[in-house]
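Source file: start-v6.tsv. Holds: TSV, C-alpha atoms.
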chain	number	residue	atom	x	y	z
A	1	SER	CA	-5.74	32.34	71.15
A	2	GLN	CA	-2.56	33.31	73.01
A	3	ALA	CA	-1.14	29.80	72.57
A	4	VAL	CA	-2.15	29.09	68.94
A	5	SER	CA	0.73	29.51	66.53
A	6	SER	CA	-0.96	28.13	63.40
A	7	VAL	CA	-4.01	26.28	62.08
A	8	THR	CA	-4.32	24.08	59.03
A	9	ALA	CA	-7.83	24.07	57.55
A	10	TRP	CA	-9.71	22.96	54.46
A	11	PHE	CA	-11.57	25.79	52.74
A	12	PRO	CA	-14.31	24.98	50.21
A	13	GLY	CA	-13.18	26.12	46.79
A	14	SER	CA	-9.53	26.68	47.70
A	15	GLY	CA	-8.45	23.51	49.48
A	16	VAL	CA	-6.10	23.09	52.43
A	17	ARG	CA	-4.25	26.13	53.79
A	18	ARG	CA	-2.04	26.78	56.78
A	19	LEU	CA	-2.72	30.07	58.58
A	20	ASP	CA	-0.35	31.63	61.09
A	21	ALA	CA	-1.56	33.33	64.28
A	22	VAL	CA	-1.92	36.79	62.71
A	23	GLU	CA	-4.02	35.44	59.83
A	24	LEU	CA	-6.44	33.82	62.32
A	25	GLU	CA	-7.72	37.31	63.33
A	26	PHE	CA	-8.58	36.32	66.89
A	27	GLY	CA	-10.94	38.63	68.78
A	28	TYR	CA	-13.53	38.31	71.50
A	29	ARG	CA	-15.28	35.02	70.66
A	30	ARG	CA	-14.32	35.24	67.03
A	31	SER	CA	-11.68	34.31	64.49
A	32	VAL	CA	-11.33	34.16	60.74
A	33	PHE	CA	-13.47	31.00	60.91
A	34	SER	CA	-16.44	32.97	62.26
A	35	SER	CA	-17.25	34.32	58.82
A	36	CYS	CA	-15.61	31.73	56.60
A	37	PRO	CA	-16.77	28.13	56.31
A	38	ALA	CA	-13.84	25.79	56.83
A	39	VAL	CA	-12.93	22.51	58.45
A	40	ILE	CA	-10.07	22.80	60.91
A	41	LEU	CA	-7.72	19.88	60.38
A	42	GLU	CA	-4.84	20.68	62.69
A	43	ALA	CA	-3.70	23.29	65.19
A	44	GLU	CA	-0.20	24.01	66.44
A	45	PHE	CA	0.32	25.50	69.88
A	46	SER	CA	3.26	27.24	71.54
A	47	LEU	CA	3.07	26.35	75.22
A	48	LYS	CA	5.20	27.61	78.09
A	49	PRO	CA	6.48	25.37	80.85
A	50	GLY	CA	5.08	25.95	84.31
A	51	ASP	CA	4.81	24.48	87.77
A	52	PRO	CA	2.55	21.41	87.47
A	53	ALA	CA	0.96	22.05	90.89
A	54	VAL	CA	0.08	25.65	89.96
A	55	ILE	CA	-1.31	24.58	86.58
A	56	LYS	CA	-3.38	21.82	88.23
A	57	ALA	CA	-4.79	24.29	90.78
A	58	GLN	CA	-5.77	26.69	87.99
A	59	MET	CA	-7.42	23.89	86.01
A	60	ASP	CA	-9.31	22.71	89.09
A	61	GLY	CA	-10.51	26.28	89.71
A	62	PHE	CA	-11.76	26.66	86.14
A	63	ASP	CA	-13.49	23.26	86.33
A	64	SER	CA	-15.14	24.10	89.66
A	65	ARG	CA	-16.51	27.46	88.41
A	66	ARG	CA	-17.77	25.77	85.24
A	67	ARG	CA	-19.59	23.08	87.23
A	68	GLU	CA	-21.18	25.72	89.49
A	69	LYS	CA	-22.45	27.93	86.68
A	70	GLN	CA	-23.11	25.71	83.66
A	71	PRO	CA	-25.77	23.02	83.16
A	72	LEU	CA	-23.48	20.05	82.70
A	73	GLU	CA	-26.11	17.52	83.78
A	74	TYR	CA	-27.81	17.73	80.35
A	75	PRO	CA	-26.44	17.74	76.79
A	76	SER	CA	-26.25	21.21	75.23
A	77	ALA	CA	-24.40	23.12	72.53
A	78	GLY	CA	-22.93	25.43	75.15
A	79	SER	CA	-23.73	29.10	75.48
A	80	VAL	CA	-26.34	29.84	72.78
A	81	PHE	CA	-26.30	33.65	72.58
A	82	LYS	CA	-23.55	36.24	72.21
A	83	ARG	CA	-23.28	38.84	74.95
A	84	PRO	CA	-25.09	41.97	73.70
A	85	ALA	CA	-23.23	45.22	74.40
A	86	GLY	CA	-24.01	46.35	77.93
A	87	TYR	CA	-26.01	43.25	78.87
A	88	PHE	CA	-25.73	39.57	79.72
A	89	ALA	CA	-27.88	37.33	77.51
A	90	GLY	CA	-28.69	34.92	80.37
A	91	ALA	CA	-29.87	37.76	82.61
A	92	LEU	CA	-32.12	39.18	79.86
A	93	ILE	CA	-33.63	35.75	79.21
A	94	ASP	CA	-34.21	35.25	82.93
A	95	GLN	CA	-35.70	38.75	83.25
A	96	CYS	CA	-38.23	37.80	80.57
A	97	GLY	CA	-39.37	34.80	82.61
A	98	LEU	CA	-37.97	32.22	80.21
A	99	ARG	CA	-35.80	30.21	82.62
A	100	GLY	CA	-37.13	26.64	82.37
A	101	PHE	CA	-39.32	27.39	79.32
A	102	ARG	CA	-39.41	24.41	76.99
A	103	ILE	CA	-40.51	23.27	73.59
A	104	GLY	CA	-40.57	19.47	73.47
A	105	GLY	CA	-37.31	18.19	74.94
A	106	ALA	CA	-35.49	21.50	74.43
A	107	GLN	CA	-35.42	23.71	77.52
A	108	VAL	CA	-33.92	27.02	78.61
A	109	SER	CA	-31.64	25.80	81.38
A	110	GLU	CA	-32.80	26.19	84.97
A	111	LYS	CA	-29.16	26.64	86.00
A	112	HIS	CA	-28.05	29.22	83.40
A	113	ALA	CA	-30.63	30.81	81.12
A	114	GLY	CA	-28.03	31.38	78.38
A	115	PHE	CA	-27.97	27.64	77.68
A	116	ILE	CA	-30.55	25.49	75.94
A	117	VAL	CA	-30.40	21.91	77.15
A	118	ASN	CA	-31.75	18.65	75.82
A	119	THR	CA	-33.83	17.16	78.64
A	120	GLY	CA	-34.44	14.07	76.53
A	121	GLY	CA	-35.36	13.52	72.90
A	122	ALA	CA	-35.14	17.15	71.78
A	123	THR	CA	-35.00	17.57	68.01
A	124	ALA	CA	-32.96	20.17	66.15
A	125	GLY	CA	-36.28	21.73	65.11
A	126	GLU	CA	-37.38	22.10	68.73
A	127	VAL	CA	-34.06	23.73	69.64
A	128	ARG	CA	-34.39	26.16	66.71
A	129	GLN	CA	-38.00	26.96	67.67
A	130	LEU	CA	-36.92	27.63	71.25
A	131	ILE	CA	-34.05	29.87	70.13
A	132	ALA	CA	-36.46	31.87	67.93
A	133	HIS	CA	-38.98	32.13	70.79
A	134	VAL	CA	-36.30	33.40	73.18
A	135	GLN	CA	-35.02	35.93	70.63
A	136	ARG	CA	-38.54	37.19	69.88
A	137	THR	CA	-39.54	37.45	73.55
A	138	VAL	CA	-36.35	39.24	74.62
A	139	LEU	CA	-36.65	41.69	71.71
A	140	GLU	CA	-40.32	42.43	72.49
A	141	GLN	CA	-39.80	42.85	76.24
A	142	THR	CA	-36.40	44.58	76.35
A	143	GLY	CA	-35.68	45.92	72.87
A	144	VAL	CA	-32.42	43.92	72.82
A	145	ARG	CA	-31.76	41.67	69.82
A	146	LEU	CA	-30.02	38.43	70.81
A	147	GLU	CA	-27.62	37.03	68.25
A	148	THR	CA	-26.73	33.35	68.36
A	149	GLU	CA	-23.22	32.34	69.22
A	150	ILE	CA	-23.73	28.83	67.91
A	151	LYS	CA	-23.82	28.24	64.18
A	152	THR	CA	-26.57	26.14	62.63
A	153	LEU	CA	-26.79	24.67	59.16
A	154	PRO	CA	-29.94	25.17	57.08

Spell out the structure here as structure tokens.
Amino acid sequence: SQAVSSVTAWFPGSGVRRLDAVELEFGYRRSVFSSCPAVILEAEFSLKPGDPAVIKAQMDGFDSRRREKQPLEYPSAGSVFKRPAGYFAGALIDQCGLRGFRIGGAQVSEKHAGFIVNTGGATAGEVRQLIAHVQRTVLEQTGVRLETEIKTLP
């Protein structure tokens, strides 16, 4: 969000609009697009020059941490649940004994319980069933309601 200067998007009912950085309403894991259906067509960034070696080292560090912590060996939609205030979704899911739990080809990742991975042939229905099962179990066992970070279409 610090580097985005504008976004051009198509909004149903009103067409194509260009929004500047302030209009994008960036916040923690949210923007104006979080509550408004749109198709992002273009983004403009304002980048700052830097030492290529330093930038490469930072990128390598980010990549290394991602490979250590995230289940990149299977397809997934990324982190499934938002972080509930005062908790970590993955830790709550793990605490409830759901790490590795599966419905069909959809599985709570063994590597990071906040991810649902496709171990082979998972359907969208199986992923949705698994998300609902995780939400229900975590709510029953901890009293914490998990909200999805990913957006699904009906």

Distance query segment 37-54 of chain A at most 10 Å, all atoms listed in the file, self and fewer than 2 positions along chain excluded, as a CSV table (one decimal) with C-alpha atoms, in the frame of the given file:
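File produced: around07.csv:
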chain,number,residue,atom,x,y,z
A,1,SER,CA,-5.7,32.3,71.2
A,2,GLN,CA,-2.6,33.3,73.0
A,3,ALA,CA,-1.1,29.8,72.6
A,4,VAL,CA,-2.2,29.1,68.9
A,5,SER,CA,0.7,29.5,66.5
A,6,SER,CA,-1.0,28.1,63.4
A,7,VAL,CA,-4.0,26.3,62.1
A,8,THR,CA,-4.3,24.1,59.0
A,9,ALA,CA,-7.8,24.1,57.6
A,10,TRP,CA,-9.7,23.0,54.5
A,11,PHE,CA,-11.6,25.8,52.7
A,12,PRO,CA,-14.3,25.0,50.2
A,15,GLY,CA,-8.4,23.5,49.5
A,16,VAL,CA,-6.1,23.1,52.4
A,17,ARG,CA,-4.2,26.1,53.8
A,18,ARG,CA,-2.0,26.8,56.8
A,19,LEU,CA,-2.7,30.1,58.6
A,20,ASP,CA,-0.4,31.6,61.1
A,21,ALA,CA,-1.6,33.3,64.3
A,32,VAL,CA,-11.3,34.2,60.7
A,33,PHE,CA,-13.5,31.0,60.9
A,34,SER,CA,-16.4,33.0,62.3
A,35,SER,CA,-17.2,34.3,58.8
A,56,LYS,CA,-3.4,21.8,88.2
A,57,ALA,CA,-4.8,24.3,90.8
A,58,GLN,CA,-5.8,26.7,88.0
A,59,MET,CA,-7.4,23.9,86.0
A,60,ASP,CA,-9.3,22.7,89.1

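If you measure from each of A:His112, A:Leu130, A:Thr152, A:Gly13 to Leu92 of chain A using only C-alpha atoms, the closest one turns out to be A:His112.
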
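We find atom CA of Asn118 of chain A and atom CA of Arg66 of chain A to be spaced 18.3 Å apart.
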
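Of the listed residues A:Ala106, A:Val117, A:Ala124, A:Cys96, the one whose atoms come nearest to Thr137 of chain A is A:Cys96, with distances taken using all atoms listed in the file.
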
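Of the residues listed (A:Gly90, A:Gly114, A:Gly78, A:Gly121), A:Gly78 shows the shortest atom-to-atom separation from Ile150 of chain A; distances use all atoms listed in the file.
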
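The two atoms in question, atom CA of Glu110 of chain A and atom CA of Gly61 of chain A, are spaced 22.8 Å apart.
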
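For the choices A:Ala113, A:Thr119, A:Gln141, A:Gly97, the atom-to-atom distance to Glu73 of chain A is smallest for A:Thr119 when using only C-alpha atoms.
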
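Remark: for Gly125 of chain A, the closest of the candidate residues A:Leu24, A:Gly100, A:Ala89, A:Gly105 is A:Gly105 (distances computed over all atoms listed in the file).
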